[in-house]
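Colleague: Following this message is one structure expressed as structure tokens.
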Amino acid sequence: MSATDSLDFRLLNDFQRGFPLIAEPWAALGGQLGCGAGTVLERLAALQADAKISRVGPVFAPNRIGASTLAAMAVPVAELPRVAAIVNAFPGVNHNYRREHRYNLWFVASAPDESALALSLDAMGRATGCPPIALPLLEEFHIDLGFDLANGRRTRHTVGPAMPRRQLVAADWRLIDALHDGLPWLARPYQAIGETCGRTEADVIQTLAGWLADGTLRRFGVVVRHRELGYRANAMCVWAVPCEVVSRLGHALASHDGVSLCYRRSSPGAEWPYNLFCMIHGQSRDAVDARRAELAAAVGLTAFPSAVLFSTDCYKQCGARYTAPQALPAGRDTRPGLAA
């Protein structure tokens with residue numbers, strides 16, 4: 001492995017969480033990697049240009065600052081590109097994939113609140129002629145704390161009870177909007193972010209640290225694109241599990257390496273009876289199939305109805321764009337240098 005390859009790997013692998021919330025973060029990364037801040041910026045910009053990372057920035061906890069849901073459509077195969085393009089044009093849509101199932105178009109949609117989300121999904125159905133089913137999150141077992149590219153392991157975490165939606169003022173929404181595409185490739189990125197939304201550098205850093213501490217942010221750091229890094233086989237694995245045991249089995253499933261996402265979602269009925277979901281990423285379809293079989297046997301899921309939905313096409317992959325509700329709290333933060 002060349003020095004550049006080694007540096008790129010560490011940038012991709014080591015800073016998906018715990019990213020420095022200090023005035024000059026690239027210099028801090030360079031200090032850990034044995035290079036200068038300029039080299040760090042150059043390599044990260046190149047990784048983004050090569051589509052290996054989407055950004056360096058925040059990953060918000062589900063439903064903490066807005067409403068979101070996984071949704072699916074049953075689309076005639078010949079119509080998939082057209083329908084996907086229509087869906088992608090709606091605000092708040094991200095991670096739109098074709099998967100192998102009668103329900104073959106899967107995407108995440110977000111909105112300021114549940115009523116706005118329901119209206120958006122209804123509009124998508126009317127615009128496409130393919131009414132979506134909504135599968136909102138009911139219980140989280142493991143979601144997005146990063147992915148170890150060396151061996152597929154990831155940081156363990158304890159899942160607590162669902163937190164209420166955070167009430168944000170206008171200044172917070174401006175900060176969220178400024179961070180949508182991640183940090184800029186500038187020596188003092190938090191200062192630049194603050195200048196776009198009327199906040200000081202110190203306040204941007206303090207706010208992000210607070211959101212990490214209280215769970216508003218799941219993590220802050222490098223957001224990688226698994227497909228472009230060789231993990232081209234990814235499957236959404238689902239089971240129809242009785243309600244009285246789904247939590248126990250979900251926590252057991254989430255405790256294993258190889259599971260990148262795991263959660264309980266609502267089931268609309270016979271057309272989609274599955275309520276326990278997990279995502280498995282691998283470098284080959286056979287590897288993913290083998291790991292799924294191992295996990296199902298280890299956890300005790302083999303007796304339950306199940307399905308495996310491999311993704312075949314990616315129509316959209318980006319961070320969720322959260323938008324402010326129409327009526328914002330009138331609160332004003334009086335810390336020095338903060339515009340309300």
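Residues are named by chain letter and number: chains run A, B, ... in the order of the structure tokens, numbers start at 1 in each chain, and ligands are numbered from 1 in the order shown.
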I need the strand (DSSP E or B) residues of range 87-328 of chain A per DSSP on the backbone, written as a VMD selection string.
Modeller: chain A and resid 93 to 99 105 to 111 133 to 135 137 to 143 217 to 224 233 to 239 261 to 265 269 272 276 to 282 306 to 316
Colleague: Write out as a PyMOL selection string the set of residues from range 9-99 of chain A that DSSP, computed on the backbone, places in helix (DSSP H, G or I).
Modeller: chain A and resi 9-14+25-33+37-49+77-88
Colleague: Between A:Gly38, A:Leu29, A:Met279, A:Asp14, which one has atoms that come closest to Ala187 in chain A, using only C-alpha atoms?
Modeller: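 Residue with the minimum atom-to-atom distance to Ala187 in chain A: A:Gly38.
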Colleague: Range 90-95 of chain A: which residues within 6 Å, counting only C-alpha atoms, same-chain residues fewer than 3 positions away excluded, as an MDAnalysis selection string?
Modeller: chainID A and resid 87 107:110 316:318 320:321
Colleague: Of the candidates A:Met73, A:Ala252, A:Val169, A:Ile193, which shows the shortest atom-to-atom distance to Asp122 in chain A, using only C-alpha atoms?
Modeller: A:Met73
Colleague: Which residue is closest to Arg10 in chain A? Choose from A:Val222, A:Ala192, A:Val288, A:Ala51 and count only C-alpha atoms.
Modeller: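 Between A:Val222, A:Ala192, A:Val288, A:Ala51, the residue approaching Arg10 in chain A most closely is A:Val222.
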Colleague: What is the CA of Glu139 in chain A-CA of Arg265 in chain A distance in Å, reported with one decimal?
Modeller: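 Calculated distance between CA of Glu139 in chain A and CA of Arg265 in chain A is 6.9 Å.
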Colleague: Taking into account only C-alpha atoms, which residue in the set A:Gly66, A:Asp8, A:Gln167, A:Ile86 is nearest to Ser115 in chain A?
Modeller: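 Closest to Ser115 in chain A of all the choices is A:Gly66.
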Colleague: Need the shell around Arg166 in chain A: protein/DNA/RNA residues with any atom at most 8 Å away, counting only C-alpha atoms. Skip same-chain ones fewer than 4 positions apart. Format as a count of residues only?
Modeller: 3
Colleague: For Pro242 in chain A, which residue out of A:Val259, A:Leu186, A:Ala37, A:Ala303 is the nearest one, using only C-alpha atoms?
Modeller: A:Ala303
Colleague: Give me the residues within 9 Å of Arg285 in chain A as number ranges by chain, counting only C-alpha atoms and dropping any in the same chain fewer than 4 places off.
Modeller: A: 232-235, 289-290, 310
Colleague: Skip range 124-132 of chain A itself and residues of its chain fewer than 6 positions away, then list as an MDAnalysis selection string all residues within 12 Å of it, counting only C-alpha atoms.
Modeller: chainID A and resid 69:76 79:91 93 103:109 117:118 268 271:272
Colleague: As an exercise, work out the distance from CA of Val56 in chain A to CA of Asp181 in chain A in Å and give it to one decimal place.
Modeller: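 One can read the CA of Val56 in chain A to CA of Asp181 in chain A distance as 8.1 Å.
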Colleague: Near range 199-215 of chain A, within 8 Å and counting only C-alpha atoms, which residues show up once chain neighbours fewer than 3 positions away are dropped, as a PyMOL selection string?
Modeller: chain A and resi 21-23+61+175+190-196+218-220+337-339
Colleague: Taking N, CA and C atoms for each residue, export the selection above as a PDB file, in the first residue's frame.
Modeller:
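The resulting file, out-v2.pdb, is reproduced below:
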ATOM      1  N   LEU A  21     -13.937  19.096  16.945  1.00  0.00           N
ATOM      2  CA  LEU A  21     -14.748  20.315  16.984  1.00  0.00           C
ATOM      3  C   LEU A  21     -13.883  21.428  17.567  1.00  0.00           C
ATOM      4  N   ILE A  22     -12.920  21.856  16.768  1.00  0.00           N
ATOM      5  CA  ILE A  22     -11.994  22.920  17.131  1.00  0.00           C
ATOM      6  C   ILE A  22     -11.815  23.830  15.921  1.00  0.00           C
ATOM      7  N   ALA A  23     -11.201  24.979  16.137  1.00  0.00           N
ATOM      8  CA  ALA A  23     -11.126  25.995  15.079  1.00  0.00           C
ATOM      9  C   ALA A  23     -10.444  25.478  13.820  1.00  0.00           C
ATOM     10  N   ALA A  61     -29.892  12.261  14.359  1.00  0.00           N
ATOM     11  CA  ALA A  61     -30.669  11.122  14.839  1.00  0.00           C
ATOM     12  C   ALA A  61     -32.047  11.139  14.186  1.00  0.00           C
ATOM     13  N   LEU A 175     -28.231  27.163  10.703  1.00  0.00           N
ATOM     14  CA  LEU A 175     -27.003  26.385  10.869  1.00  0.00           C
ATOM     15  C   LEU A 175     -27.154  25.009  10.218  1.00  0.00           C
ATOM     16  N   TYR A 190     -15.496  25.947  10.528  1.00  0.00           N
ATOM     17  CA  TYR A 190     -16.616  26.347  11.390  1.00  0.00           C
ATOM     18  C   TYR A 190     -16.810  27.861  11.350  1.00  0.00           C
ATOM     19  N   GLN A 191     -15.729  28.588  11.168  1.00  0.00           N
ATOM     20  CA  GLN A 191     -15.836  30.033  11.003  1.00  0.00           C
ATOM     21  C   GLN A 191     -16.592  30.356   9.713  1.00  0.00           C
ATOM     22  N   ALA A 192     -16.257  29.639   8.626  1.00  0.00           N
ATOM     23  CA  ALA A 192     -16.941  29.869   7.349  1.00  0.00           C
ATOM     24  C   ALA A 192     -18.413  29.520   7.448  1.00  0.00           C
ATOM     25  N   ILE A 193     -18.734  28.408   8.120  1.00  0.00           N
ATOM     26  CA  ILE A 193     -20.139  28.029   8.308  1.00  0.00           C
ATOM     27  C   ILE A 193     -20.864  29.115   9.097  1.00  0.00           C
ATOM     28  N   GLY A 194     -20.227  29.608  10.155  1.00  0.00           N
ATOM     29  CA  GLY A 194     -20.850  30.645  10.955  1.00  0.00           C
ATOM     30  C   GLY A 194     -21.128  31.902  10.159  1.00  0.00           C
ATOM     31  N   GLU A 195     -20.213  32.263   9.269  1.00  0.00           N
ATOM     32  CA  GLU A 195     -20.405  33.473   8.477  1.00  0.00           C
ATOM     33  C   GLU A 195     -21.604  33.362   7.546  1.00  0.00           C
ATOM     34  N   THR A 196     -21.949  32.155   7.117  1.00  0.00           N
ATOM     35  CA  THR A 196     -23.096  31.992   6.219  1.00  0.00           C
ATOM     36  C   THR A 196     -24.426  32.043   6.961  1.00  0.00           C
ATOM     37  N   ARG A 218     -26.320  11.988  15.686  1.00  0.00           N
ATOM     38  CA  ARG A 218     -25.836  10.626  15.867  1.00  0.00           C
ATOM     39  C   ARG A 218     -24.309  10.603  15.855  1.00  0.00           C
ATOM     40  N   ARG A 219     -23.737  11.347  14.930  1.00  0.00           N
ATOM     41  CA  ARG A 219     -22.278  11.474  14.864  1.00  0.00           C
ATOM     42  C   ARG A 219     -21.948  12.681  13.999  1.00  0.00           C
ATOM     43  N   PHE A 220     -20.679  13.068  14.028  1.00  0.00           N
ATOM     44  CA  PHE A 220     -20.181  14.143  13.178  1.00  0.00           C
ATOM     45  C   PHE A 220     -18.831  13.699  12.660  1.00  0.00           C
ATOM     46  N   GLY A 337     -22.669  37.270  20.132  1.00  0.00           N
ATOM     47  CA  GLY A 337     -22.312  36.983  18.744  1.00  0.00           C
ATOM     48  C   GLY A 337     -23.299  36.130  18.012  1.00  0.00           C
ATOM     49  N   LEU A 338     -24.421  35.740  18.638  1.00  0.00           N
ATOM     50  CA  LEU A 338     -25.371  34.841  17.984  1.00  0.00           C
ATOM     51  C   LEU A 338     -26.563  35.635  17.463  1.00  0.00           C
ATOM     52  N   ALA A 339     -26.825  35.479  16.162  1.00  0.00           N
ATOM     53  CA  ALA A 339     -28.023  36.092  15.583  1.00  0.00           C
ATOM     54  C   ALA A 339     -29.192  35.142  15.769  1.00  0.00           C
TER      55      ALA A 339
END
